[in-house]
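Worksheet: the structure to be examined is printed underneath.
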Amino acid sequence: MRLVSQAPMAQWYCARLEILAFTGIQVRFLVGALCKQKAIYTKKAFGFMKDFSHLIAESRRKLKENRKEFWSNNKKNHEENLKKLIDSFKIPKGWKLFVTASRFLSKREILPFENGSWSSTNLIAATEKQGFEMMIFFNKARLEFLSMPGLIPIVEHEIEHVRQAARNPKEFLDSIRNDELSRKLEAQADGQAGKISGELRKQWVLESVVYCYDLGSWKAAKKMADFFYKHLEKIHGGGYEKAMTREEYKTFLDSMKKKDIRIFINFFNR
Ligand SMILES: [Zn+2]
């Protein structure tokens, strides 16, 4: 069968999107939209996406005020934020997407920079008989504390994997046994995510490092910064972009030396 998703991106139609969120109780909602835009977002999302700068400004202001409340509200709104974001992306026609936000069972809390905090997109079925289904698993260990703009680079990355899997299910499956292919797909997914806005990447990095600081002081914050600056590009099969710039990392080290996390926070508010 020729998949609709093999057609050029410009001809993609927004498909009916079915999302099953496993939140203790199952929440099911349907999103339907038809559009022929070349953009990867739905029309409905466009207005929402334009609001990024406002959302980023709001998150940065909250980071400077009451961080405890900021993390707590982000956790409370996590599933709603994810649903809102997923809703704003086009899903390849003919495919069903199942989304879950959860964490692995573990004796202790898995920290955002530790193994076991990864999210993934999985191909479930891709034949006429079995249907065309995919699942995204969003890992709360690394994502739950992030605000809406902080979540966007990760959601965008996984949505690009959804497109890859729909476009070429065989290549997508082969990539889990082929490092070169995996690197190619990861670079592509990161490239797509990076196109949105550098400010969103910054927000994701800023919130992650500061959250780790609040969680486990400088030791945890340093591990998160090292993950972004040193380890990310090498983990799994590779192909990921460095998430933190040299200047940001140096500013982090400086704030650690002076024992003042506000130096790092203020750096992003220039
Ligand atoms: Zn990926």
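By order of appearance in the structure tokens: chains A, B, ..., then residues from 1 within every chain, and ligands from 1 in the order shown.
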Wanna dump the chain A-ligand 1 contacts at 10 Å for me, each residue with its shortest atom pair and the distance in Å to one decimal, counting only C-alpha atoms and all ligand atoms, ordered by chain and number, as CSV?
```
residue,atom,partner,partner_atom_place_in_ligand_line,distance
A:Trp118,CA,ligand 1,1 (Zn),9.1
A:Ser119,CA,ligand 1,1 (Zn),7.9
A:Ser120,CA,ligand 1,1 (Zn),6.7
A:Thr121,CA,ligand 1,1 (Zn),7.6
A:Ile154,CA,ligand 1,1 (Zn),8.7
A:Glu156,CA,ligand 1,1 (Zn),9.9
A:His157,CA,ligand 1,1 (Zn),6.2
A:Glu158,CA,ligand 1,1 (Zn),6.1
A:Ile159,CA,ligand 1,1 (Zn),9.4
A:Glu160,CA,ligand 1,1 (Zn),8.4
A:His161,CA,ligand 1,1 (Zn),6.6
A:Ser182,CA,ligand 1,1 (Zn),8.5
A:Arg183,CA,ligand 1,1 (Zn),9.1
A:Leu185,CA,ligand 1,1 (Zn),7.4
A:Glu186,CA,ligand 1,1 (Zn),4.9
A:Ala187,CA,ligand 1,1 (Zn),8.2
A:Gln188,CA,ligand 1,1 (Zn),8.9
A:Ala189,CA,ligand 1,1 (Zn),6.3
A:Asp190,CA,ligand 1,1 (Zn),7.4
A:His236,CA,ligand 1,1 (Zn),9.5
A:Gly237,CA,ligand 1,1 (Zn),9.9
A:Gly238,CA,ligand 1,1 (Zn),9.7
A:Gly239,CA,ligand 1,1 (Zn),8.9
A:Tyr240,CA,ligand 1,1 (Zn),7.8
```
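Residues within 9 Å of range 56-59 of chain A, counting only C-alpha atoms and excluding same-chain residues fewer than 4 positions away, are Asp51, Phe52, Leu63, Lys64, Phe70, Ser147, Met148, Pro149, Gly150, Glu199, Leu200, Gln203, Glu207 and Asn269 of chain A.
Remark: for Cys212 in chain A, the closest of the candidate residues A:Leu111, A:Ile136, A:Leu253, A:Ile152 is A:Leu111 (distances computed over only C-alpha atoms).
The list of residues with at least one atom within 10 Å of Ala166 in chain A, based on only C-alpha atoms and without residues fewer than 4 positions apart in the same chain, reads Leu3, Val4, Ser5, Gln6, Ile91, Pro92, Lys93, Gly94, Trp95, Leu123, Ala126, Phe132, Glu133, Met134, Glu160, His161, Val162, Lys170, Glu171 and Phe172 of chain A.
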Which neighbours of Met244 in chain A fall inside 7 Å, counting only C-alpha atoms, when residues of the same chain fewer than 2 positions from it are skipped, and could you give them as a PyMOL selection string?
chain A and resi 205+228-229+242+246+248-249
